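Following: one structure in structure tokens, then a few remarks.
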Amino acid sequence: MDNDDLVLPTPVNFPAFPYDPPYWIQMDLMSHVYTSIEKRQVTIVESPTGTGKTLSLLCSSLSWLVDEKDRARKGQLSQPSLSSTAPSWVAAQALDIRKRELEAEDKEYEERLAKARKTEAHFRILARARVTKKQRVTVDPVQGHVDEDAYLPDDDCENNQDNFSPAVRALMAKVDKNNKRDPASQGDEPSCTKIYYASRTHSQLSQVLPELTKLKFKHLALGGAVPDESTMRNMSRVDRDPCQKKRTFGDVDGDKCEVDQRQWRTVSLGSRKQLCINEDARSRPGDIDEKCRELLEGKKNTRCQYLPPVGDESRMLDLRDQILASPKDIEDLATSGKNIQTCPYYGSRRAIPQAELITLPYNLLLQKTARDTLGIDLTNQVVIIDEAHNLIPTLLSLSSVRLTSSTLSTSLKQVSVYYQKFRNRLSAMHALHLKRLLNFLDAFQRVAMDWMAQKLSAKSKRQDTEVMTVPDFIHKLGRKVEGINLLEIESYLKRSKIARKISRYAVDVSEGEKPERQSSGVATPPLHTIEALMLGLAGASEDGRLIFSAVGDAVEIKYQLLNPSALFRDVVESARSVVLAGGTMSPISAVVSELFTYLPPNRLTTFSCGHIIPASSVQTLLLTKGPSGLDLEFKFAQQSNPQVVSELGQIILNFCNVVPGGIVIFFPSYASLNFAREAWSQSGLLDKFNVKKKVFLEPQESSGVEMILREYATAAKTHMPLDKKTGAVLFAVVGAKLSEGLNFSDDLARAVVVIGLPFANKNSPELQERMRYANQTEVRSGIRRPVGGKDAATEMYENMCMSAVNQSIGRAIRHRGDWASLVLIDRRFTLPAIRGKLPQWLRDDVAVCETFGQVMKHLGNFYREKRQRIVY
Ligand code: SF4
């Protein structure tokens with residue numbers, strides 16, 4: 001229960017924080033996050049890498065959760081269970097009974113999890129000695145035999161056309177749900193308030209649980225009155241003794257009780273690809289989701305062996321309890337699933353309602369369809385989005401659909417074959433919807449072909465890319481399609497799951513015609529892409545665009561929603577509080593203007609942490625002139641100017657002479673890096689760099705990154721007094737493979753150099769549309785900018801550029817003892833509008849170097865001071 005009459009005060013300290021005392025910036029961050037959650041706010045926090053961001057986010061949010069539970073418990077106890085006329089002793093007795101009931105519930109729950117922990121320990125012992133039994137492989141149905149009934153759509157999706165009220169339909173759905181129980185169905189299990197902790201990748205999420213185990217939340221053992229977490233928060237440090245795992249506390253009557261480390265009920269959500277333990281399904285080529293769905297729907301002999309028999313919940317419940325008994329990462333979940341011989345993918349979904357902390361990748365949190373499938377209801381919950389500098393690009397990519405003319409023609413072919421084959425066996429409703437789908441696909445293919453034909457006939461006069469609004473595109477589809485309600489077809493596709501049946505029929509029929517099973521196996525059905533596109537088109541209004549591009553002989557069609565906030569608004573409006581956190585969120589105004597313009601000012605806060613490093617450990621230099629006095633501005637034309645590039649080479653050569661360890665140098669694009677490399681190679685400058693530092697270049701193929709990084713790291717750490725070559729220099733590209741997520745700590749980056757401002761290509765039709773849209777949105781919202789000032793589009797354009805710069809410079813200085821120089825080469829960095837977009841912890845201490853001598857002097861002094869720390 002949420003009893004907001006009782007406002008939780010922001011704690012004065014956080015005893016669960018493992019390091020005592022926390023740095024002041026950690027305290028500030030934790031207080032800010034706690035307050036934001038309590039006040040139901042959306043907050044954007046910037047906390048540089050190395051400042052204990054994850055630990056602080058977990059500690060503050062979970063401290064709030066402890067207090068929230070306490071508040072909810074008090075709320076439950078204060079609910080009047082008797083009439084106000086009851087004598088006070090009767091009311092006191094009723095309260096006592098209620099209290100004991102709630103304690104008994106807690107005890108029962110704890111005992112259940114304790115039992116699951118014991119079982120888990122038992123499995124661990126067994127695992128050490130066990131010879132893993134070979135899995136029983138479910139044999140496939142008889143190959144070549146096609147049971148045509150299996151391809152017919154279910155008829156239960158027809159009730160959309162009925163005359164039942166929504167209430168009756170909901171009741172029918174509930175009865176129906178109980179009859180054919182989904183393995184992950186959460187039934188009516190009680191749910192609790194929880195923290196959803198999302199990050200972009202699995203590897204980022206894998207760093208959360210180790211931090212969680214460092215926290216020193218107390219678990220209150222049964223059997224005595226003990227101080228609650230909030231009381232403990234106000235106790236002295238000696239009383240709290242956060243360093244001990246167990247401690248005895250005395251209550252007011254002198255009774256004793258044991259306080260132990262608290263285990264948070266945690267669930268790590270992952271994909272089938274990560275969690276599936278059915279080796280047979282995993283070894284099949286193709287889409288594992290599709291394969292699993294086939295096995296889920298399968299009859300007795302084809303149903304996945306890791307799904308408990310229908311009607312027998314015990315194995316799934318055992319797995320759920322084991323998942324909740326102690327925090328587990330994805331690998332641990334798979335082990336638990338194997339121990340109980342039950343699917344961990346569905347088991348983890350089953351554990352969601354009772355979990356207190358859920359870690360999950362962005363896509364599961366941000367897409368409504370994924371949340372609905374998982375049974376995630378964000379109402380009144382706390383959402384933390386880590387590495388949130390990735391949020392806007394992720395939202396844009398999640399709200400885009402890409403398909404080619406070949407996807408289109410395969411879909412059209414599959415639906416027509418299916419329609420021809422089953423037309424006489426389909427109900428009128430199914431036939432009607434499929435006919436409409438056919439009309440849509442047919443018209444769409446015609447538009448794509450016409451577009452390509454016109455492009456070819458006009459040759460170079462016509463652009464290779466064309467952007468269309470959704471109404472323009474629908475109009476081009478012709479009168480037959482204009483009248484169709486696309487949302488209705490999309491909803492039909494979803495309800496009837498017919499796309500899967502059509503695709504499966506097409507694959508099975510094509511396999512039946514061949515002597516051997518096709519290696520394509522179960523690929524992602526092309527109709528699913530069409531379904532996603534229809535959903536986009538139907539809900540897009542003026543925010544959607546279709547971009548037609550010629551790729552060889554084919555047409556590529558991309559649907560893009562221009563407004564990233566549309567997808568996120570649902571999360572913000574349901575959740576109690578949303579925390580966007582990142583090491584580098586600057587420019588924060590970019591996040592606000594793209595995601596939160598609709599929020600009332602009192603619901604949105606921002607917070608930018610300082611860094612825990614001393615100010616003397618970083619120097620930020622803006623270089624405006626080269627050694628010959630040449631003005632440095634790397635606009636597009638200058639990036640291939642031999643004189644400018646030669647000057648740049650001289651600068652780098654000088655840097656190689658003074659910077660110890662590794663230097664990472666970021667170029668604005670691959671083209672500019674390649675031009676410079678070629679020019680320096682011809683002039684001999686590249687050889688000169690190599691005399692001092694081993695030279696590495698960012699590979700264009702992802703497969704080469706790991707090896708280059710390994711070799712660079714070894715070279716960067718190499719200091720040989722007898723050899724002139726010390727350390728290494730790595731040439732990379734802003735926004736490419738090495739500018740995000742990588743850790744260039746200590747000697748790996750004693751200097752990070754950014755050359756020029758990496759503005760995106762303004763000629764991109766997609767970017768032009770986004771910029772136009774930004775201006776239109778601002779005009780519509782009535783915001784007035786100063787006359788002659790820049791417009792919303794320019795602001796967005798600059799923000800995109802500086803976000804990329806900030807990510808690049810964030811590769812260095814990764815912990816408290818780290819130190820490095822950050823050198824930004826381009827006069828435009830000194831412009832207040834650009835400089836103001838640097839991270840706040842750097843912004844106030846920037847040196848503008850108007851001569852090359854000045855920059856060398858700063859570098860010399862800085863490294864001379866640090867030299868005593870370097871062991872050569
Ligand atoms: S039910 Fe689970 S174990 Fe079985 S195929 Fe699906 S994901 Fe794999």
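Ordering of the structure tokens sets the chain letters (A, B, ...), residue numbers begin anew at 1 in every chain, and ligands are numbered from 1 in the order given.
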
Neighbours of A:Arg500 within 9 Å (only C-alpha atoms; same-chain residues fewer than 4 positions away dropped), as a VMD selection string?
-> chain A and resid 151 290 504 to 505 525 527 to 528

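The list of residues with at least one atom within 10 Å of A:Thr714, based on only C-alpha atoms and without residues fewer than 5 positions apart in the same chain, reads Gly662, Leu709, Gly727, Ala728, Asp747 and Leu748 of chain A.
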
May I have the selected residues written with N, CA, C and O atoms, as a CSV table (one decimal), in the first residue's frame?
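Written output follows (result.csv):
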chain,number,residue,atom,x,y,z
A,662,GLY,N,49.7,5.6,-22.8
A,662,GLY,CA,48.9,5.6,-24.0
A,662,GLY,C,48.2,6.9,-24.3
A,662,GLY,O,47.9,7.7,-23.4
A,709,LEU,N,42.8,-4.0,-29.3
A,709,LEU,CA,42.8,-3.5,-27.9
A,709,LEU,C,43.8,-4.2,-27.0
A,709,LEU,O,44.5,-3.6,-26.2
A,727,GLY,N,55.1,3.4,-24.5
A,727,GLY,CA,53.7,3.5,-24.7
A,727,GLY,C,53.2,3.4,-26.1
A,727,GLY,O,53.9,2.9,-27.0
A,728,ALA,N,52.0,3.8,-26.3
A,728,ALA,CA,51.4,3.6,-27.6
A,728,ALA,C,50.4,4.7,-27.9
A,728,ALA,O,50.0,5.5,-27.1
A,747,ASP,N,47.4,3.8,-17.6
A,747,ASP,CA,48.3,4.0,-18.7
A,747,ASP,C,47.7,3.8,-20.1
A,747,ASP,O,48.2,4.2,-21.1
A,748,LEU,N,46.5,3.3,-20.1
A,748,LEU,CA,45.8,3.1,-21.4
A,748,LEU,C,45.4,4.4,-22.0
A,748,LEU,O,45.2,4.5,-23.2

Given 9 Å and only C-alpha atoms and all ligand atoms, residues near ligand 1 as a count of residues only | 34

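Here the residues within stretch 731-789 of chain A that DSSP labels strand (DSSP E or B) on the basis of the backbone are Phe731, Ala732, Val733, Ala751, Val752, Val753, Val754 and Ile755 of chain A.
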
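Using only C-alpha atoms, the contacts of A:Phe852 at a cut-off of 12 Å, with sequence neighbours closer than 6 positions omitted, comprise Leu621, Leu622, Leu623, Thr624, Lys625, Gly626, Pro627, Ser628, Gly629, Leu630, Asp631, Leu632, Glu647, Leu648, Gln650, Ile651, Ile652, Asn654, Phe655, Val823, Ile825, His858 and Leu859 of chain A.
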
Using the selection just defined, write its residues with C-alpha atoms as a JSON list (two decimals), in the first residue's frame.
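Contents of part-v4.json, freshly written:
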[["chain", "number", "residue", "atom", "x", "y", "z"],
["A", 621, "LEU", "CA", 42.88, 22.04, -22.78],
["A", 622, "LEU", "CA", 41.21, 23.68, -25.78],
["A", 623, "LEU", "CA", 43.78, 24.11, -28.56],
["A", 624, "THR", "CA", 43.07, 26.72, -31.21],
["A", 625, "LYS", "CA", 46.42, 27.07, -33.08],
["A", 626, "GLY", "CA", 49.02, 24.68, -34.46],
["A", 627, "PRO", "CA", 52.84, 24.90, -34.11],
["A", 628, "SER", "CA", 53.07, 27.14, -37.21],
["A", 629, "GLY", "CA", 50.32, 29.40, -35.92],
["A", 630, "LEU", "CA", 47.72, 27.93, -38.26],
["A", 631, "ASP", "CA", 44.15, 28.40, -37.05],
["A", 632, "LEU", "CA", 42.68, 25.02, -36.17],
["A", 647, "GLU", "CA", 49.93, 20.62, -38.96],
["A", 648, "LEU", "CA", 47.86, 18.10, -37.05],
["A", 650, "GLN", "CA", 53.16, 17.91, -35.98],
["A", 651, "ILE", "CA", 50.87, 18.41, -32.99],
["A", 652, "ILE", "CA", 50.56, 14.68, -32.42],
["A", 654, "ASN", "CA", 54.87, 16.71, -30.05],
["A", 655, "PHE", "CA", 52.27, 15.05, -27.84],
["A", 823, "VAL", "CA", 42.85, 17.97, -25.30],
["A", 825, "ILE", "CA", 41.58, 20.55, -30.92],
["A", 858, "HIS", "CA", 50.45, 22.81, -19.68],
["A", 859, "LEU", "CA", 51.18, 19.23, -20.73]]

As a ChimeraX atom specification, list the residues of stretch 325-571 of chain A assigned to alpha helix (DSSP H) by DSSP on the backbone atoms of this structure.
-> /A:325,330-340,344-350,362-366,368-374,391-398,405-422,428-458,470-477,479-482,486-496,498-512,526-539,565-571

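Considering the residues A:Val779, A:Ile25, A:Leu360, A:Ala751 and counting only C-alpha atoms, A:Ser617 has its shortest atom-to-atom contact with A:Ala751.
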
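Taking atom CA of A:Gly286 as the reference point, atom CA of A:Ile498 is found at 19.2 Å.
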
Just the residues within 6 Å of A:Ser565, please, counting only C-alpha atoms, with nothing from its chain fewer than 3 positions along; format it as a PyMOL selection string.
-> chain A and resi 568-569+595

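Nearest residue to A:Leu57, choosing from A:Ser416, A:Ala532, A:Leu324, A:Asp386 and counting only C-alpha atoms: A:Asp386.
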
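Distance check against A:Pro471 using only C-alpha atoms: of A:Pro564, A:Glu542, A:Pro786, A:Asp70, the minimum falls on A:Glu542.
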
Considering only C-alpha atoms, return as a list in words whatever protein or nucleic-acid residues lie within 10 Å of stretch 701-703 of chain A, sequence-local ones (same chain, fewer than 5 positions apart) excluded.
-> Ile708, Ala736, Lys737 and Leu738 of chain A

Deliver the residues from the most recent selection as a file, using N, CA, C and O atoms, as a PDB file, in the first residue's frame.
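Below is the file that was written, again-v7.pdb:
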ATOM      1  N   ILE A 708      43.165  -5.751 -31.425  1.00  0.00           N
ATOM      2  CA  ILE A 708      43.846  -4.446 -31.420  1.00  0.00           C
ATOM      3  C   ILE A 708      43.934  -3.904 -29.996  1.00  0.00           C
ATOM      4  O   ILE A 708      44.978  -3.415 -29.563  1.00  0.00           O
ATOM      5  N   ALA A 736      32.307   5.568 -32.947  1.00  0.00           N
ATOM      6  CA  ALA A 736      32.472   4.249 -33.580  1.00  0.00           C
ATOM      7  C   ALA A 736      32.714   3.192 -32.501  1.00  0.00           C
ATOM      8  O   ALA A 736      32.144   3.270 -31.423  1.00  0.00           O
ATOM      9  N   LYS A 737      33.604   2.243 -32.792  1.00  0.00           N
ATOM     10  CA  LYS A 737      33.696   1.054 -31.929  1.00  0.00           C
ATOM     11  C   LYS A 737      34.408   1.280 -30.604  1.00  0.00           C
ATOM     12  O   LYS A 737      34.210   0.537 -29.668  1.00  0.00           O
ATOM     13  N   LEU A 738      35.270   2.300 -30.546  1.00  0.00           N
ATOM     14  CA  LEU A 738      36.084   2.447 -29.339  1.00  0.00           C
ATOM     15  C   LEU A 738      35.666   3.634 -28.480  1.00  0.00           C
ATOM     16  O   LEU A 738      36.284   3.900 -27.461  1.00  0.00           O
TER      17      LEU A 738
END

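Using only C-alpha atoms, the shortest contact distance between A:Val447 and any of A:Leu317, A:Ile557, A:Val848, A:Val658 is found at A:Ile557.
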